[in-house]
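> Got a file for you: entry-v6.txt, compact mmCIF, C-alpha atoms and all ligand atoms.
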```
# COMPACT_ATOMS: atom_id res chain seq x y z
CA MET C 1 0.00 0.00 0.00
CA GLU C 2 1.15 3.53 -0.78
CA LYS C 3 2.15 5.76 2.09
CA GLY C 4 -0.90 7.46 3.56
CA ALA C 5 -3.30 5.59 1.29
CA ALA C 6 -5.40 4.07 4.02
CA LYS C 7 -8.72 4.25 2.23
CA LYS C 8 -9.91 1.28 0.25
CA ILE C 9 -10.67 1.85 -3.40
CA VAL C 10 -14.25 1.51 -4.61
CA MET C 11 -15.25 1.32 -8.26
CA SER C 12 -18.58 0.91 -9.97
CA GLY C 13 -20.15 1.51 -13.34
CA ILE C 14 -23.57 2.72 -14.33
CA ARG C 15 -25.03 1.94 -17.74
CA PRO C 16 -26.41 5.07 -19.40
CA THR C 17 -29.65 3.38 -20.38
CA GLY C 18 -33.09 4.10 -19.05
CA PHE C 19 -34.24 6.42 -16.30
CA LEU C 20 -33.34 5.98 -12.65
CA HIS C 21 -36.19 4.86 -10.42
CA LEU C 22 -36.79 4.66 -6.70
CA GLY C 23 -35.40 1.11 -6.66
CA ASN C 24 -32.07 2.35 -8.05
CA TYR C 25 -32.14 5.27 -5.64
CA PHE C 26 -32.46 3.25 -2.44
CA GLY C 27 -30.50 0.30 -3.84
CA ALA C 28 -27.42 1.33 -5.75
CA LEU C 29 -27.33 5.08 -5.27
CA ALA C 30 -27.80 5.18 -1.52
CA ASN C 31 -24.83 2.80 -1.35
CA TYR C 32 -22.67 5.07 -3.48
CA VAL C 33 -23.55 8.12 -1.43
CA LYS C 34 -22.53 6.39 1.79
CA MET C 35 -19.35 5.02 0.28
CA GLN C 36 -18.09 8.34 -1.05
CA ASN C 37 -17.57 9.48 2.53
CA GLU C 38 -15.60 6.44 3.62
CA TYR C 39 -13.63 5.30 0.59
CA ASP C 40 -11.72 6.47 -2.44
CA CYS C 41 -14.51 6.16 -5.00
CA PHE C 42 -14.54 5.91 -8.78
CA PHE C 43 -18.02 6.00 -10.30
CA MET C 44 -18.14 5.72 -14.04
CA VAL C 45 -20.80 6.04 -16.73
CA ALA C 46 -20.33 2.98 -18.93
CA ASP C 47 -20.87 4.57 -22.34
CA LEU C 48 -18.59 2.06 -24.12
CA HIS C 49 -20.43 -0.88 -22.62
CA ALA C 50 -23.67 0.63 -23.90
CA LEU C 51 -22.37 0.27 -27.48
CA THR C 52 -22.44 -3.52 -27.19
CA THR C 53 -26.24 -3.43 -27.17
CA LEU C 54 -27.11 0.03 -28.50
CA PRO C 55 -25.03 0.76 -31.60
CA ASP C 56 -27.14 3.85 -32.31
CA THR C 57 -25.38 6.76 -30.59
CA LYS C 58 -28.00 9.44 -31.28
CA GLU C 59 -29.24 9.48 -27.71
CA LEU C 60 -26.00 8.63 -25.96
CA LYS C 61 -25.09 12.20 -25.06
CA THR C 62 -28.52 12.91 -23.59
CA ASN C 63 -28.49 9.64 -21.69
CA VAL C 64 -25.03 10.24 -20.26
CA ALA C 65 -26.07 13.74 -19.15
CA ARG C 66 -29.23 12.44 -17.54
CA VAL C 67 -27.50 9.65 -15.65
CA LEU C 68 -24.86 12.05 -14.34
CA ALA C 69 -27.45 14.65 -13.40
CA GLU C 70 -29.69 12.17 -11.60
CA ASN C 71 -26.78 10.72 -9.69
CA ILE C 72 -25.53 14.11 -8.57
CA ALA C 73 -29.05 15.25 -7.67
CA SER C 74 -29.39 12.12 -5.54
CA GLY C 75 -26.32 12.94 -3.50
CA LEU C 76 -23.20 11.87 -5.37
CA ASP C 77 -20.64 14.58 -4.83
CA PRO C 78 -18.18 15.15 -7.68
CA ASP C 79 -15.80 16.75 -5.18
CA LYS C 80 -15.64 13.53 -3.19
CA ALA C 81 -15.93 10.73 -5.74
CA ALA C 82 -14.37 10.69 -9.20
CA LEU C 83 -17.41 10.81 -11.46
CA TYR C 84 -16.47 10.19 -15.07
CA CYS C 85 -17.25 8.72 -18.46
CA GLN C 86 -15.64 5.47 -19.51
CA SER C 87 -14.72 6.81 -22.96
CA HIS C 88 -12.86 9.73 -21.37
CA VAL C 89 -10.32 7.36 -19.86
CA PRO C 90 -8.49 5.81 -22.82
CA GLU C 91 -6.31 3.73 -20.46
CA THR C 92 -9.44 1.60 -20.11
CA SER C 93 -8.99 0.45 -23.69
CA ASP C 94 -5.28 -0.20 -23.18
CA LEU C 95 -5.93 -2.50 -20.25
CA TYR C 96 -8.94 -4.08 -21.96
CA LEU C 97 -6.72 -5.15 -24.84
CA LEU C 98 -4.11 -6.70 -22.55
CA LEU C 99 -6.77 -8.44 -20.45
CA ASN C 100 -8.29 -9.96 -23.56
CA MET C 101 -5.23 -12.20 -23.60
CA MET C 102 -6.19 -13.43 -20.11
CA ALA C 103 -9.72 -14.38 -21.14
CA TYR C 104 -10.58 -17.62 -22.87
CA LYS C 105 -13.28 -17.85 -25.52
CA GLY C 106 -14.93 -20.79 -23.79
CA GLU C 107 -15.43 -19.02 -20.48
CA LEU C 108 -16.69 -15.86 -22.19
CA GLU C 109 -19.24 -17.88 -24.13
CA LYS C 110 -20.49 -19.45 -20.91
CA THR C 111 -21.28 -16.09 -19.27
CA VAL C 112 -24.98 -15.88 -18.39
CA THR C 113 -25.41 -12.27 -19.56
CA PHE C 114 -23.75 -13.12 -22.90
CA LYS C 115 -26.13 -16.02 -23.49
CA GLU C 116 -29.09 -13.80 -22.65
CA LYS C 117 -27.93 -11.06 -25.04
CA VAL C 118 -27.40 -13.59 -27.83
CA LYS C 119 -31.06 -14.49 -27.52
CA LEU C 120 -32.13 -10.84 -27.39
CA GLN C 121 -30.06 -9.66 -30.37
CA PRO C 122 -29.25 -12.68 -32.57
CA ASN C 123 -28.29 -10.38 -35.45
CA ASN C 124 -25.71 -8.45 -33.48
CA VAL C 125 -23.57 -10.95 -31.62
CA ASN C 126 -20.49 -8.75 -31.80
CA ALA C 127 -17.10 -9.42 -30.21
CA GLY C 128 -17.70 -6.52 -27.81
CA LEU C 129 -20.67 -8.37 -26.44
CA LEU C 130 -18.57 -11.49 -25.92
CA THR C 131 -15.82 -9.55 -24.18
CA TYR C 132 -18.18 -7.37 -22.12
CA PRO C 133 -16.82 -8.93 -18.90
CA VAL C 134 -13.24 -8.15 -19.98
CA LEU C 135 -14.10 -4.47 -20.41
CA MET C 136 -15.75 -4.46 -17.01
CA ALA C 137 -12.66 -6.12 -15.53
CA ALA C 138 -10.57 -3.37 -17.11
CA ASP C 139 -12.77 -0.70 -15.47
CA ILE C 140 -12.23 -2.25 -12.06
CA LEU C 141 -8.60 -3.38 -12.30
CA LEU C 142 -7.57 -0.03 -13.77
CA HIS C 143 -7.97 1.47 -10.29
CA ARG C 144 -6.92 -1.68 -8.46
CA ALA C 145 -10.28 -1.45 -6.73
CA GLU C 146 -11.13 -3.81 -3.90
CA LEU C 147 -14.81 -3.05 -3.40
CA VAL C 148 -17.41 -3.03 -6.14
CA PRO C 149 -20.97 -2.08 -5.21
CA VAL C 150 -23.13 -4.03 -7.66
CA GLY C 151 -26.30 -6.07 -7.73
CA LYS C 152 -26.56 -9.85 -7.88
CA ASP C 153 -26.77 -9.85 -11.68
CA GLN C 154 -23.16 -8.59 -11.88
CA GLU C 155 -21.55 -11.13 -9.58
CA GLN C 156 -20.50 -13.47 -12.34
CA HIS C 157 -18.72 -10.59 -14.07
CA LEU C 158 -16.96 -9.82 -10.81
CA GLU C 159 -15.87 -13.43 -10.45
CA MET C 160 -14.41 -13.18 -13.96
CA THR C 161 -12.63 -9.96 -13.00
CA ARG C 162 -10.91 -11.88 -10.19
CA THR C 163 -10.04 -14.69 -12.60
CA PHE C 164 -8.46 -12.36 -15.18
CA GLY C 165 -6.63 -10.37 -12.50
CA ASN C 166 -5.27 -13.52 -10.88
CA ARG C 167 -4.17 -14.91 -14.22
CA PHE C 168 -2.29 -11.72 -14.90
CA ASN C 169 -0.69 -11.79 -11.44
CA HIS C 170 0.39 -15.38 -11.98
CA ARG C 171 1.81 -14.81 -15.38
CA TYR C 172 3.53 -11.46 -14.88
CA GLY C 173 3.76 -10.69 -11.16
CA HIS C 174 1.37 -9.28 -8.62
CA VAL C 175 -0.39 -6.09 -9.68
CA PHE C 176 -4.09 -6.56 -9.01
CA PRO C 177 -5.98 -7.11 -5.73
CA GLU C 178 -9.13 -9.26 -5.73
CA ALA C 179 -12.27 -7.18 -6.08
CA GLN C 180 -15.26 -8.11 -3.94
CA ALA C 181 -18.94 -7.29 -4.39
CA PHE C 182 -20.11 -4.85 -1.79
CA ASN C 183 -23.41 -3.61 -0.38
CA PHE C 184 -24.52 -2.10 2.87
CA GLY C 185 -27.13 -4.75 3.55
CA GLU C 186 -30.37 -6.18 2.28
CA GLU C 187 -32.70 -3.56 3.70
CA LEU C 188 -31.38 -1.01 1.22
CA LEU C 189 -32.06 -3.12 -1.77
CA LYS C 190 -35.78 -3.78 -1.82
CA VAL C 191 -38.17 -1.06 -2.83
CA PRO C 192 -41.63 -2.57 -3.20
CA SER C 193 -43.51 -2.13 -6.44
CA LEU C 194 -46.91 -0.41 -6.45
CA ASP C 195 -48.70 -3.38 -7.98
CA GLY C 196 -48.81 -5.41 -4.81
CA ALA C 197 -45.87 -7.78 -5.29
CA GLY C 198 -42.18 -7.77 -6.16
CA LYS C 199 -39.89 -4.79 -6.31
CA MET C 200 -39.67 -1.69 -8.45
CA SER C 201 -37.75 -2.34 -11.62
CA LYS C 202 -37.26 -1.04 -15.12
CA SER C 203 -38.52 -4.08 -16.90
CA GLU C 204 -41.69 -4.73 -14.92
CA ASN C 205 -44.90 -2.74 -14.86
CA GLN C 206 -44.01 0.89 -15.69
CA PHE C 207 -46.97 2.20 -13.76
CA ALA C 208 -45.88 0.39 -10.61
CA THR C 209 -42.44 2.01 -10.68
CA ILE C 210 -41.71 5.61 -9.65
CA TYR C 211 -38.95 7.31 -11.64
CA LEU C 212 -36.85 10.21 -10.39
CA SER C 213 -38.04 12.09 -13.48
CA ASP C 214 -41.79 11.58 -12.87
CA ASP C 215 -43.67 14.85 -12.46
CA ASP C 216 -45.96 15.48 -9.49
CA GLU C 217 -49.16 14.57 -11.32
CA LEU C 218 -47.73 11.32 -12.62
CA ILE C 219 -46.49 10.37 -9.15
CA ARG C 220 -49.97 11.02 -7.71
CA LYS C 221 -51.61 9.01 -10.48
CA LYS C 222 -49.29 6.06 -9.97
CA VAL C 223 -49.70 6.02 -6.21
CA MET C 224 -53.49 6.37 -6.36
CA LYS C 225 -53.57 3.32 -8.66
CA ALA C 226 -51.46 1.24 -6.29
CA LYS C 227 -52.91 -2.11 -5.40
CA THR C 228 -54.54 -2.52 -1.98
CA GLU C 229 -56.78 -5.20 -0.51
CA SER C 230 -60.56 -4.85 -0.86
CA GLY C 231 -61.32 -5.67 2.76
CA GLY C 232 -59.59 -5.16 6.08
CA SER C 233 -57.73 -7.83 7.99
CA GLU C 234 -58.73 -11.15 9.43
CA ALA C 235 -58.12 -11.35 13.15
CA GLY C 236 -54.54 -12.38 13.88
CA ALA C 237 -53.50 -12.50 10.21
CA PRO C 238 -50.40 -10.60 9.11
CA MET C 239 -50.82 -7.46 7.04
CA ALA C 240 -51.58 -8.08 3.36
CA GLU C 241 -48.43 -7.72 1.24
CA SER C 242 -49.82 -4.90 -0.92
CA VAL C 243 -50.63 -2.81 2.18
CA ALA C 244 -47.35 -3.65 3.88
CA ASN C 245 -45.62 -2.45 0.71
CA LEU C 246 -47.31 0.94 0.93
CA ILE C 247 -46.28 1.20 4.58
CA ASN C 248 -42.70 0.41 3.57
CA LEU C 249 -42.77 3.05 0.89
CA MET C 250 -44.06 5.54 3.46
CA LYS C 251 -41.09 4.74 5.66
CA LEU C 252 -38.69 5.22 2.76
CA VAL C 253 -40.03 8.60 1.69
CA GLY C 254 -40.28 9.99 5.21
CA THR C 255 -43.96 9.84 6.20
CA PRO C 256 -44.05 10.76 9.92
CA SER C 257 -44.02 7.67 12.13
CA ASP C 258 -47.17 8.61 14.05
CA ALA C 259 -49.09 8.80 10.76
CA ILE C 260 -47.73 5.41 9.75
CA ALA C 261 -48.73 3.95 13.11
CA SER C 262 -52.28 5.22 12.70
CA TYR C 263 -52.64 3.56 9.25
CA GLU C 264 -51.34 0.31 10.68
CA LYS C 265 -53.81 0.51 13.53
CA ALA C 266 -56.67 1.33 11.16
CA TYR C 267 -55.76 -1.64 8.99
CA PHE C 268 -55.95 -4.05 11.88
CA ASP C 269 -59.17 -2.65 13.38
CA GLY C 270 -60.87 -2.61 9.99
CA SER C 271 -61.38 1.15 9.71
CA ILE C 272 -58.69 1.83 7.12
CA ARG C 273 -59.52 4.11 4.19
CA TYR C 274 -57.11 3.25 1.43
CA GLY C 275 -57.92 6.45 -0.44
CA ASP C 276 -56.65 8.54 2.46
CA MET C 277 -53.63 6.35 2.95
CA LYS C 278 -52.65 6.60 -0.71
CA LYS C 279 -53.20 10.35 -0.72
CA GLN C 280 -50.76 10.67 2.14
CA LEU C 281 -48.22 8.46 0.41
CA ALA C 282 -48.67 10.37 -2.86
CA GLU C 283 -47.99 13.73 -1.19
CA ASP C 284 -44.99 12.43 0.74
CA MET C 285 -43.66 10.83 -2.43
CA VAL C 286 -44.05 14.13 -4.29
CA LYS C 287 -42.23 15.93 -1.49
CA PHE C 288 -39.42 13.39 -1.69
CA ILE C 289 -39.03 13.16 -5.47
CA SER C 290 -39.68 16.71 -6.67
CA PRO C 291 -36.52 18.36 -5.25
CA ILE C 292 -34.40 15.57 -6.75
CA ARG C 293 -36.15 15.89 -10.10
CA GLU C 294 -35.79 19.66 -10.16
CA LYS C 295 -32.14 19.52 -9.20
CA ALA C 296 -31.47 16.89 -11.87
CA GLU C 297 -33.23 19.00 -14.48
CA ALA C 298 -31.18 22.04 -13.57
CA ILE C 299 -27.93 20.06 -13.80
CA ARG C 300 -28.92 18.43 -17.08
CA ASN C 301 -29.56 21.80 -18.63
CA ASP C 302 -26.22 23.20 -17.48
CA GLU C 303 -23.88 21.86 -20.13
CA LYS C 304 -20.95 23.88 -18.87
CA TYR C 305 -21.22 22.45 -15.36
CA LEU C 306 -21.61 18.91 -16.68
CA LYS C 307 -18.56 19.30 -18.86
CA GLU C 308 -16.53 20.57 -15.90
CA ILE C 309 -17.65 17.65 -13.76
CA MET C 310 -16.77 15.12 -16.44
CA GLU C 311 -13.35 16.67 -17.05
CA LYS C 312 -12.52 16.77 -13.38
CA GLY C 313 -13.66 13.17 -12.89
CA ALA C 314 -11.72 11.99 -15.92
CA ALA C 315 -8.54 13.73 -14.74
CA LYS C 316 -8.76 11.99 -11.38
CA ALA C 317 -9.54 8.64 -12.98
CA ARG C 318 -6.74 8.95 -15.52
CA LYS C 319 -4.19 9.71 -12.84
CA SER C 320 -5.07 6.50 -11.05
CA ALA C 321 -5.29 4.60 -14.36
CA GLN C 322 -1.89 5.77 -15.55
CA ALA C 323 -0.25 4.68 -12.31
CA THR C 324 -1.74 1.21 -12.75
CA MET C 325 -0.73 1.01 -16.42
CA LEU C 326 2.86 1.78 -15.49
CA GLN C 327 2.83 -1.17 -13.09
CA VAL C 328 1.12 -3.37 -15.67
CA LYS C 329 3.65 -2.57 -18.37
CA ASP C 330 6.58 -2.96 -15.98
CA ALA C 331 5.29 -6.35 -14.87
CA MET C 332 4.87 -7.46 -18.46
CA GLY C 333 8.21 -6.11 -19.57
CA LEU C 334 6.47 -3.73 -21.98
CA ASN C 335 8.72 -0.94 -20.78
CA TYR C 336 11.21 -0.40 -23.57
N1 LIG J 1 -21.96 -4.14 -16.20
C1 LIG J 1 -22.52 -3.22 -15.26
C2 LIG J 1 -24.06 -3.22 -15.38
O1 LIG J 1 -24.60 -3.66 -16.36
C3 LIG J 1 -22.01 -1.82 -15.49
C4 LIG J 1 -20.52 -1.74 -15.30
C5 LIG J 1 -19.59 -1.45 -16.26
C6 LIG J 1 -19.81 -1.92 -14.07
N2 LIG J 1 -18.36 -1.44 -15.71
C7 LIG J 1 -18.44 -1.71 -14.38
C8 LIG J 1 -20.21 -2.21 -12.76
C9 LIG J 1 -17.46 -1.82 -13.39
C10 LIG J 1 -19.21 -2.32 -11.77
C11 LIG J 1 -17.86 -2.14 -12.08
O2 LIG J 1 -24.72 -2.74 -14.50
```
Please re-express this file's structure in structure tokens.


Amino acid sequence: MEKGAAKKIVMSGIRPTGFLHLGNYFGALANYVKMQNEYDCFFMVADLHALTTLPDTKELKTNVARVLAENIASGLDPDKAALYCQSHVPETSDLYLLLNMMAYKGELEKTVTFKEKVKLQPNNVNAGLLTYPVLMAADILLHRAELVPVGKDQEQHLEMTRTFGNRFNHRYGHVFPEAQAFNFGEELLKVPSLDGAGKMSKSENQFATIYLSDDDELIRKKVMKAKTESGGSEAGAPMAESVANLINLMKLVGTPSDAIASYEKAYFDGSIRYGDMKKQLAEDMVKFISPIREKAEAIRNDEKYLKEIMEKGAAKARKSAQATMLQVKDAMGLNY
């Protein structure tokens, strides 16, 4: 370890596709915001990864701006974490190329996400898609990161990152630590959907998911349509899942605890009025989301600020990347 470098290095990537929703906010983002205070963080917008599935670049710039804006509005601080674009750090491509020699075709073909994408886009099974995990390994190993906050769906990629890193270490000498998946605990990860079951997600029912970009009216409409039970409770039975979900959402968006307690009581004594309960949730949701949405909009429209942020993030990331690449090339004897 370098002198004085006591903080562990954290790295994660965000695909610039889709809009962020409340599930992302309390899952991934809340994790990032906590980590930026305790670790040396590199958070990157994976614009190159996006090209493996979205060759059309017309909307890339808008999507990158939106993802950055929504992340900053949600609490990521560009003065604390390095917040940057993957394509602004060309060292990523250098390491990606070298790591491709550590990755075998057979293991890449066995990757679950690759097999899924092959089914989804049979006419565009490009080499970038096959080597997606190698590019992700390059993102992580470039900063010699030890902690990677990601969801379950990325764990196989992380396992492959360790494999490629270890192979390199074996072949050329120790450069890379083993990166581990990281999260602050289960309770952060589950944001219930408004349709009574499951969690909020991009791919499920759009109307059951609240996005950070939803306007006040849309938020109210979605919440008022949320599923509830038709009757009250049976004596001694636990609370119906759909109602418990609304209670959980209330807790997340800051409904006062005495109000929550009174809805719980009303549910169990049979006097609950779901209309009132949903109205309360809708207003608290609006209060929670609207400042984030407005801040994100302001940032998105401020091209100069966004450019500054990206440049600053890239400079920080490149400094760390260049230090790693020197070690990599030294270890490999590519130093003539
Ligand atoms: N593959 C990740 C996803 O789909 C995004 C990503 C790219 C990433 N590079 C990364 C995540 C590096 C963690 C670390 O969500």

> Per residue of chain C within 7 Å of ligand LIG 1 (chain J), record the nearest atom pair and its distance in Å to one decimal, counting only C-alpha atoms and all ligand atoms, with rows in chain order and ascending residue number, as CSV.


```
residue,atom,partner,partner_atom,distance
C:Met11,CA,J:LIG1,C11,5.8
C:Ser12,CA,J:LIG1,C10,3.8
C:Gly13,CA,J:LIG1,C6,3.5
C:Ile14,CA,J:LIG1,C3,4.9
C:Arg15,CA,J:LIG1,C3,5.3
C:Ala46,CA,J:LIG1,C5,5.2
C:His49,CA,J:LIG1,C5,6.4
C:Met136,CA,J:LIG1,N2,4.2
C:Ala137,CA,J:LIG1,C9,6.8
C:Asp139,CA,J:LIG1,C9,5.3
C:Ile140,CA,J:LIG1,C9,5.4
C:Val148,CA,J:LIG1,C10,6.0
C:Pro149,CA,J:LIG1,C10,6.8
C:Val150,CA,J:LIG1,C10,5.9
C:Gln154,CA,J:LIG1,N1,6.3
```

> For the point (-17.1, 10.3, -15.1) in the file's frame, write as an MDAnalysis selection string all residues with an atom no more than 9 Å away, counting all atoms listed in the file.

chainID C and resid 42:46 68 78 82:89 309:314 317

> Name the residues in contact with Glu178 (chain C) at a cut-off of 10 Å, using all atoms listed in the file, excluding same-chain residues fewer than 5 positions from it; report them as a PyMOL selection string.

chain C and resi 140-141+144-147+158-159+161-166

> Hey, can you check how far CA of Glu70 (chain C) sits from CA of Val134 (chain C)?

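Separation of CA of Glu70 (chain C) and CA of Val134 (chain C): 27.5 Å.
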
> Could you work out how far CA of Asn100 (chain C) lies from CA of Lys115 (chain C), giving the answer in Å with one decimal?

18.8 Å

> May I ask for the distance between CA of Lys105 (chain C) and CA of Ala127 (chain C), given in Å to one decimal place?

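It comes out at 10.4 Å.
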
> Could you check the closest approach to Ala321 (chain C) for each of C:His143, C:Arg167, C:Lys307, C:His174 and tell me which residue wins, using only C-alpha atoms?

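Result for the nearest residue to Ala321 (chain C): C:His143.
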
> Could you please give me, as a compact mmCIF listing (two decimals) with C-alpha atoms, in the coordinates of the input, the residues of protein, DNA or RNA lying at most 9 Å from (-32.5, 0.8, -10.9) in the coordinate frame of the file, considering only C-alpha atoms?


```txt
# COMPACT_ATOMS: atom_id res chain seq x y z
CA GLY C 18 -33.09 4.10 -19.05
CA PHE C 19 -34.24 6.42 -16.30
CA LEU C 20 -33.34 5.98 -12.65
CA HIS C 21 -36.19 4.86 -10.42
CA LEU C 22 -36.79 4.66 -6.70
CA GLY C 23 -35.40 1.11 -6.66
CA ASN C 24 -32.07 2.35 -8.05
CA TYR C 25 -32.14 5.27 -5.64
CA PHE C 26 -32.46 3.25 -2.44
CA GLY C 27 -30.50 0.30 -3.84
CA ALA C 28 -27.42 1.33 -5.75
CA LEU C 29 -27.33 5.08 -5.27
CA MET C 200 -39.67 -1.69 -8.45
CA SER C 201 -37.75 -2.34 -11.62
CA LYS C 202 -37.26 -1.04 -15.12
```

> Where's the centre, and what are the edge lengths in Å to one decimal, of a box along x, y and z enclosing all listed atoms of region 278-282 of chain C padded 3 Å per side, as lines of an AutoDock Vina configuration file?


```
center_x = -50.7
center_y = 8.6
center_z = -0.4
size_x = 11.0
size_y = 10.1
size_z = 11.0
```
